[in-house]
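Presented below is the structure to which this report refers.
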Amino acid sequence: MVVMLFTACHGVGIEGSWVEPVSGMDDMYQGIKLEAGGKASSVNMATLQYESWTNEGGQLILTGKSIGNRQILSFSDTLIIEKLTQDSLVLRKGNHVIRYSKTGE
């Protein structure tokens, strides 16, 4: 049996800039900016360019382009929203968990 915990404050919106520390790089952050109307963009990630987002039934679906090795590949990524508060967003894809903090942007 799989038990999923979804925690959210009533009325908390997912829009905003969400960042996490870059592993091994002090004072560096990366993440996503989710704007009203479904527009998304990357924060400090030149090779991963988010373009749009939707929130469907507790799942965050991000679309964009991955740039590298002289190629540009379109992608769509579905992540489970495990926690959403005014200052914290926790996403999961399989066994990978990403813990974001909201910035003042």
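Residues are referred to by chain and number: the chain letter is A, B, ... according to the order shown in the structure tokens, the number counts from 1 in that chain, and ligands are numbered separately from 1 in the order shown.
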Would you kindly return, as a ChimeraX atom specification, each protein, DNA or RNA residue with an atom no farther than 8 Å from any atom of Asp87 (chain A), considering only C-alpha atoms and excluding same-chain residues fewer than 5 positions away?
/A:101-103
What's the 8 Å shell around region 51-65 of chain A, counting only C-alpha atoms, without same-chain residues fewer than 4 positions away, as a VMD selection string?
chain A and resid 34 38 to 41 72 to 82
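Residue nearest Met28 (chain A), chosen from A:Asn44, A:Gln71, A:Gln49, A:Ser88 and counting only C-alpha atoms: A:Asn44.
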Can you tell me how far CA of Leu91 (chain A) sits from CA of Leu48 (chain A), in Å to one decimal?
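The value is 17.2 Å.
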For the strand (DSSP E) assignment from backbone DSSP, which residues of chain A qualify? Please present them as a ChimeraX atom specification.
/A:7-8,16-21,29-34,40-43,48-56,59-68,71-84,88-93,96-102
